[in-house]
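Enquirer: Encoded as structure tokens, here's the structure I'll be asking about.
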Amino acid sequence: MIEFKMPALGSDMDEGTLTEWLVKPGDVVSRGQVVAVVETTKAAVEVECWQSGVVHELLVPVGETVQVGTPLASLLAEGESPPAGPKRHGKAGQASASPPAPRRRWVSPAARRVAASLGVDVEKVVGTGPQGAVTISDVEHAAAAATPKASVSASATERAAQMRRAIAAAMSRSKQEIPHYYLAEEVPMHTALAWLTEYNAQRSITDRVLPAVLQLKAVGLAAKRFAEFNGLWTDGEFRPATGVHVGVAISLRGGGLVAPAIHDVTDKTVGQLMRDLTDLVARARAGSLRSSEMSDPTITVTNLGDQGVDSVFGVIYPPQVALVGFGRTAERVRVVDGGIRVTATVQATLSADHRASDGHRGALFLAAIDEALQHPETL
């Protein structure tokens with residue numbers, strides 16, 4: 001018998017509310033299949049099952065809030081027979097006996113909850129999210145015409161407060177547990193930008209790549225080369241990751257942020273990464289992410305260049321051991337080949353866990369990011 005448990009959906013999530021089952025007892029499920037939807041303070045997360053088998057029993061009913069690690073369902077492995085004796089009763093039995101009706105269209109559980117609190121008929125709301133998904137913003141706009149603005153603002157304020165509390169807990173834990181050290185490097189960007197201009201000139205507007213994607217790929221390549229920055233600190237030791245899954249810090253329209261992963265960054269072209277990044281940002285802001293995107297990041301990148309910030313020294317997301325920050329790319333005075341020159345540069349920073357690495361290796365890691373950006377054709 002295989003137990004399917006509530007996954008950890010980020011460092012600031014200790015619990016989640018099961019809002020939808022997408023399978024029922026007797027269904028055959030495969031590795032990576034989305035089987036449930038869980039609502040957290042930040043998003044409605046599609047939870048994937050990482051074992052193949054047959055659903056034996058749903059152990060948690062829709063609407064129940066449970067802690068990370070709680071068994072949600074039991075699966076039978078291939079060729080395994082159901083155990084003798086009756087299934088569990090009570091709430092577990094209710095979950096097994098009440099499979100959900102087929103889904104008609106996607107409405108994020110968070111949006112459905114807000115709609116109920118505001119008295120909005122969610123079936124009449126026009127969705128503007130990915131594939132027509134109804135988002136919290138859609139519900140609030142629909143409510144604005146009939147509901148006093150103060151009520152809508154109060155609802156949004158409470159959600160923002162809940163998210164800030166979750167972020168505060170995670171970041172406090174990070175600063176208490178992780179001995180941070182910080183490094184910075186001014187990286188020339190003129191070569192990368194010139195290459196990118198030529199690359200984009202050969203493509204349609206929808207296929208063009210942003211400079212942030214080159215930086216993302218450079219971080220991925222450096223993380224693969226310097227494994228002590230790509231992994232997790234768990235059970236008192238560092239465990240390097242087998243793949244490079246870069247978490248991307250995304251600010252949400254209602255306040256707060258999430259940092260879901262783009263998987264296997266080193267194996268993708270910059271064009272693929274641009275499409276992945278666009279899709280990830282859209283789904284994050286619509287409140288629709290997958291559990292693997294929330295639980296898999298092995299290193300995180302935060303980019304505040306579009307906010308006019310010169311440099312950013314971030315706080316590490318535990319149990320990760322490193323975070324890379326990029327400020328704005330700007331024309332700056334720099335000595336080049338013995339002469340003074342005005343050229344485009346960006347401040348790249350590293351926040352790293354001293355338990356897993358030291359400053360010497362951190363400097364080499366930042367130098368590897370610099371080196372990759374000086375040869376954009378290899379990205």
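Simple scheme: letters A, B, ... for chains in structure tokens order, numbers from 1 for residues in each chain, numbers from 1 for ligands in the order shown.
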Need the shell around Ala142 in chain A: protein/DNA/RNA residues with any atom at most 12 Å away, counting only C-alpha atoms. Skip same-chain ones fewer than 6 positions apart. Format as a tab-separated table (two decimals) with C-alpha atoms, in the first residue's frame?
Expert:
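Final file, selection.tsv:
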```tsv
chain	number	residue	atom	x	y	z
A	111	ALA	CA	-11.50	32.96	-6.17
A	114	VAL	CA	-13.86	35.27	-2.26
A	115	ALA	CA	-16.93	35.05	-4.51
A	118	LEU	CA	-18.80	38.86	-1.59
A	119	GLY	CA	-22.05	37.32	-2.77
A	120	VAL	CA	-20.89	36.96	-6.38
A	121	ASP	CA	-22.25	34.24	-8.69
A	122	VAL	CA	-18.94	32.84	-9.90
A	123	GLU	CA	-20.57	31.14	-12.89
A	124	LYS	CA	-21.38	34.60	-14.30
A	125	VAL	CA	-17.86	35.97	-13.89
A	126	VAL	CA	-15.74	36.33	-17.03
A	127	GLY	CA	-12.32	34.78	-16.46
A	128	THR	CA	-9.17	36.59	-17.59
A	134	VAL	CA	-11.52	32.93	-13.07
A	135	THR	CA	-9.12	34.69	-10.71
A	136	ILE	CA	-9.54	36.61	-7.48
A	148	PRO	CA	-19.23	48.93	-1.66
A	149	LYS	CA	-15.53	49.30	-2.38
A	152	VAL	CA	-13.82	44.44	-1.48
```
Enquirer: Find the residues near Met189 in chain A: any atom within 12 Å, counting only C-alpha atoms, skip ones fewer than 2 places away on the same chain, and give them as a ChimeraX atom specification.
Expert: /A:186-187,191-196,211-212,214-215,326,328-332,334,342-348,369-376
Enquirer: Can you work out which one of A:Gly327, A:Gly16, A:Pro240, A:Gly314 has the shortest atom-to-atom distance to Leu350 in chain A, counting only C-alpha atoms?
Expert: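 Answer, going by the shortest atom-to-atom distance: A:Gly314.
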Enquirer: Which residue, A:Ala218, A:Met171, A:Asp353, A:Glu48, has the smallest gap to Val35 in chain A when you use only C-alpha atoms?
Expert: A:Glu48
Enquirer: May I ask which of the residues A:Asp138, A:Glu39, A:Asp337, A:Glu228 is the closest one to Arg361 in chain A, counting only C-alpha atoms?
Expert: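 Nearest to Arg361 in chain A: A:Glu228.
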Enquirer: Set the distance at 7 Å and use only C-alpha atoms: which residues neighbour range 54-59 of chain A once local chain neighbours fewer than 6 positions away are removed? I'd like the list as a CSV table (one decimal) with N, CA and C atoms, in the first residue's frame.
Expert:
```
chain,number,residue,atom,x,y,z
A,24,LYS,N,-11.0,9.3,-8.1
A,24,LYS,CA,-11.9,8.6,-7.1
A,24,LYS,C,-11.3,7.2,-7.0
A,25,PRO,N,-11.8,6.5,-5.9
A,25,PRO,CA,-11.3,5.1,-5.7
A,25,PRO,C,-11.5,4.3,-7.0
A,26,GLY,N,-10.5,3.5,-7.3
A,26,GLY,CA,-10.6,2.6,-8.5
A,26,GLY,C,-9.9,3.2,-9.7
A,27,ASP,N,-9.6,4.6,-9.7
A,27,ASP,CA,-8.9,5.2,-10.8
A,27,ASP,C,-7.5,4.8,-10.9
A,28,VAL,N,-7.0,4.6,-12.1
A,28,VAL,CA,-5.5,4.4,-12.3
A,28,VAL,C,-4.8,5.7,-12.4
A,29,VAL,N,-3.8,5.9,-11.7
A,29,VAL,CA,-3.0,7.2,-11.8
A,29,VAL,C,-1.6,6.9,-12.1
A,71,PRO,N,-1.3,11.9,5.3
A,71,PRO,CA,-1.8,11.1,4.2
A,71,PRO,C,-3.1,11.6,3.7
A,72,LEU,N,-3.1,11.8,2.4
A,72,LEU,CA,-4.4,12.3,1.7
A,72,LEU,C,-5.1,11.1,1.0
A,73,ALA,N,-4.4,10.1,0.6
A,73,ALA,CA,-5.0,9.0,-0.1
A,73,ALA,C,-4.1,7.8,0.0
A,74,SER,N,-4.6,6.6,-0.3
A,74,SER,CA,-3.8,5.4,-0.3
A,74,SER,C,-3.9,4.8,-1.7
A,75,LEU,N,-2.8,4.3,-2.2
A,75,LEU,CA,-2.8,3.7,-3.6
A,75,LEU,C,-2.3,2.2,-3.5
A,76,LEU,N,-2.8,1.5,-4.4
A,76,LEU,CA,-2.4,0.1,-4.6
A,76,LEU,C,-1.3,0.1,-5.7
A,77,ALA,N,-0.2,-0.5,-5.4
A,77,ALA,CA,0.9,-0.7,-6.4
A,77,ALA,C,0.4,-1.7,-7.5
A,92,ALA,N,-12.8,9.9,6.5
A,92,ALA,CA,-12.2,9.2,5.4
A,92,ALA,C,-13.2,8.5,4.5
A,95,ALA,N,-14.9,10.9,2.3
A,95,ALA,CA,-14.1,11.3,1.1
A,95,ALA,C,-14.2,10.3,0.0
A,96,SER,N,-14.1,9.0,0.4
A,96,SER,CA,-14.2,7.9,-0.6
A,96,SER,C,-15.5,7.8,-1.2
```
Enquirer: Go through A:Ala170, A:Leu210, A:Ile178, A:Val281 and flag the residue nearest Gly236 in chain A, using only C-alpha atoms for the distances.
Expert: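 Closest residue, counting only C-alpha atoms: A:Ile178.
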Enquirer: For Ala286 in chain A, please output as a list in words all residues within 6 Å (counting only C-alpha atoms; exclusion window: fewer than 2 positions along the same chain).
Expert: Gly129, Thr135, Arg283, Ala284 and Ser288 of chain A
Enquirer: For the selection you just gave me, I'd like the residues written to a file as a CSV table (one decimal), in the first residue's frame, keeping N, CA and C atoms.
Expert:
```
chain,number,residue,atom,x,y,z
A,129,GLY,N,-7.8,34.8,-16.6
A,129,GLY,CA,-6.6,34.1,-16.3
A,129,GLY,C,-6.3,33.1,-17.5
A,135,THR,N,-10.1,34.4,-11.8
A,135,THR,CA,-9.1,34.7,-10.7
A,135,THR,C,-9.8,35.5,-9.6
A,283,ARG,N,0.3,32.1,-14.5
A,283,ARG,CA,-0.4,31.2,-13.6
A,283,ARG,C,-0.2,31.6,-12.1
A,284,ALA,N,1.0,32.1,-11.8
A,284,ALA,CA,1.2,32.5,-10.4
A,284,ALA,C,0.3,33.6,-10.0
A,288,SER,N,-2.8,29.8,-9.8
A,288,SER,CA,-2.9,28.4,-10.3
A,288,SER,C,-1.5,27.9,-10.5
```
Enquirer: Find the residue from A:Val66, A:Ala356, A:Val265, A:Met1 that sits nearest to Gln51 in chain A; use only C-alpha atoms when measuring.
Expert: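 Result for the nearest residue to Gln51 in chain A: A:Met1.
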Enquirer: Check range 225-325 of chain A with DSSP on the backbone and list each residue it calls alpha helix (DSSP H), as a ChimeraX atom specification.
Expert: /A:225,270-285,291-295
Enquirer: Put those residues in a file: N, CA, C and O atoms, as a CSV table (one decimal), in the first residue's frame.
Expert:
```csv
chain,number,residue,atom,x,y,z
A,225,ARG,N,27.6,23.7,-12.3
A,225,ARG,CA,29.0,23.6,-12.2
A,225,ARG,C,29.5,23.7,-10.7
A,225,ARG,O,30.4,23.0,-10.3
A,270,VAL,N,17.0,29.3,-24.5
A,270,VAL,CA,16.5,30.5,-24.0
A,270,VAL,C,15.1,30.7,-24.5
A,270,VAL,O,14.2,31.4,-23.8
A,271,GLY,N,14.7,30.3,-25.7
A,271,GLY,CA,13.4,30.4,-26.2
A,271,GLY,C,12.4,29.6,-25.3
A,271,GLY,O,11.3,30.1,-25.0
A,272,GLN,N,12.8,28.4,-25.0
A,272,GLN,CA,11.9,27.6,-24.1
A,272,GLN,C,11.8,28.2,-22.7
A,272,GLN,O,10.7,28.2,-22.1
A,273,LEU,N,12.9,28.7,-22.2
A,273,LEU,CA,12.8,29.3,-20.9
A,273,LEU,C,11.9,30.6,-20.9
A,273,LEU,O,11.2,30.8,-19.9
A,274,MET,N,11.9,31.3,-22.0
A,274,MET,CA,11.1,32.5,-22.1
A,274,MET,C,9.6,32.1,-22.0
A,274,MET,O,8.8,32.7,-21.3
A,275,ARG,N,9.3,31.0,-22.7
A,275,ARG,CA,7.9,30.6,-22.7
A,275,ARG,C,7.5,30.0,-21.4
A,275,ARG,O,6.4,30.3,-20.9
A,276,ASP,N,8.4,29.3,-20.7
A,276,ASP,CA,8.2,28.8,-19.4
A,276,ASP,C,8.0,29.9,-18.4
A,276,ASP,O,7.1,29.9,-17.5
A,277,LEU,N,8.8,30.9,-18.5
A,277,LEU,CA,8.7,32.1,-17.5
A,277,LEU,C,7.4,32.8,-17.7
A,277,LEU,O,6.7,33.2,-16.7
A,278,THR,N,7.0,33.1,-19.0
A,278,THR,CA,5.8,33.8,-19.2
A,278,THR,C,4.6,33.0,-18.7
A,278,THR,O,3.7,33.6,-18.0
A,279,ASP,N,4.6,31.7,-18.9
A,279,ASP,CA,3.5,30.9,-18.4
A,279,ASP,C,3.4,30.8,-16.9
A,279,ASP,O,2.4,30.9,-16.3
A,280,LEU,N,4.6,30.7,-16.3
A,280,LEU,CA,4.7,30.6,-14.8
A,280,LEU,C,4.2,31.9,-14.1
A,280,LEU,O,3.4,31.9,-13.2
A,281,VAL,N,4.6,33.1,-14.7
A,281,VAL,CA,4.2,34.3,-14.1
A,281,VAL,C,2.6,34.5,-14.2
A,281,VAL,O,2.0,34.9,-13.3
A,282,ALA,N,2.1,34.1,-15.4
A,282,ALA,CA,0.6,34.3,-15.6
A,282,ALA,C,-0.1,33.4,-14.6
A,282,ALA,O,-1.1,33.8,-14.0
A,283,ARG,N,0.3,32.1,-14.5
A,283,ARG,CA,-0.4,31.2,-13.6
A,283,ARG,C,-0.2,31.6,-12.1
A,283,ARG,O,-1.1,31.4,-11.3
A,284,ALA,N,1.0,32.1,-11.8
A,284,ALA,CA,1.2,32.5,-10.4
A,284,ALA,C,0.3,33.6,-10.0
A,284,ALA,O,-0.3,33.6,-8.9
A,285,ARG,N,0.1,34.6,-10.9
A,285,ARG,CA,-0.8,35.7,-10.6
A,285,ARG,C,-2.3,35.4,-10.7
A,285,ARG,O,-3.1,36.1,-10.2
A,291,SER,N,2.1,21.6,-7.6
A,291,SER,CA,2.9,21.3,-6.3
A,291,SER,C,4.4,21.1,-6.6
A,291,SER,O,5.2,21.6,-5.8
A,292,SER,N,4.7,20.5,-7.8
A,292,SER,CA,6.2,20.4,-8.0
A,292,SER,C,6.8,21.7,-8.3
A,292,SER,O,8.0,21.9,-7.9
A,293,GLU,N,6.1,22.7,-8.8
A,293,GLU,CA,6.7,24.0,-9.0
A,293,GLU,C,7.0,24.7,-7.6
A,293,GLU,O,7.9,25.5,-7.5
A,294,MET,N,6.2,24.4,-6.6
A,294,MET,CA,6.3,25.0,-5.3
A,294,MET,C,7.3,24.3,-4.5
A,294,MET,O,8.0,24.9,-3.6
A,295,SER,N,7.5,23.0,-4.6
A,295,SER,CA,8.3,22.2,-3.7
A,295,SER,C,9.7,21.9,-4.3
A,295,SER,O,10.6,21.4,-3.6
```
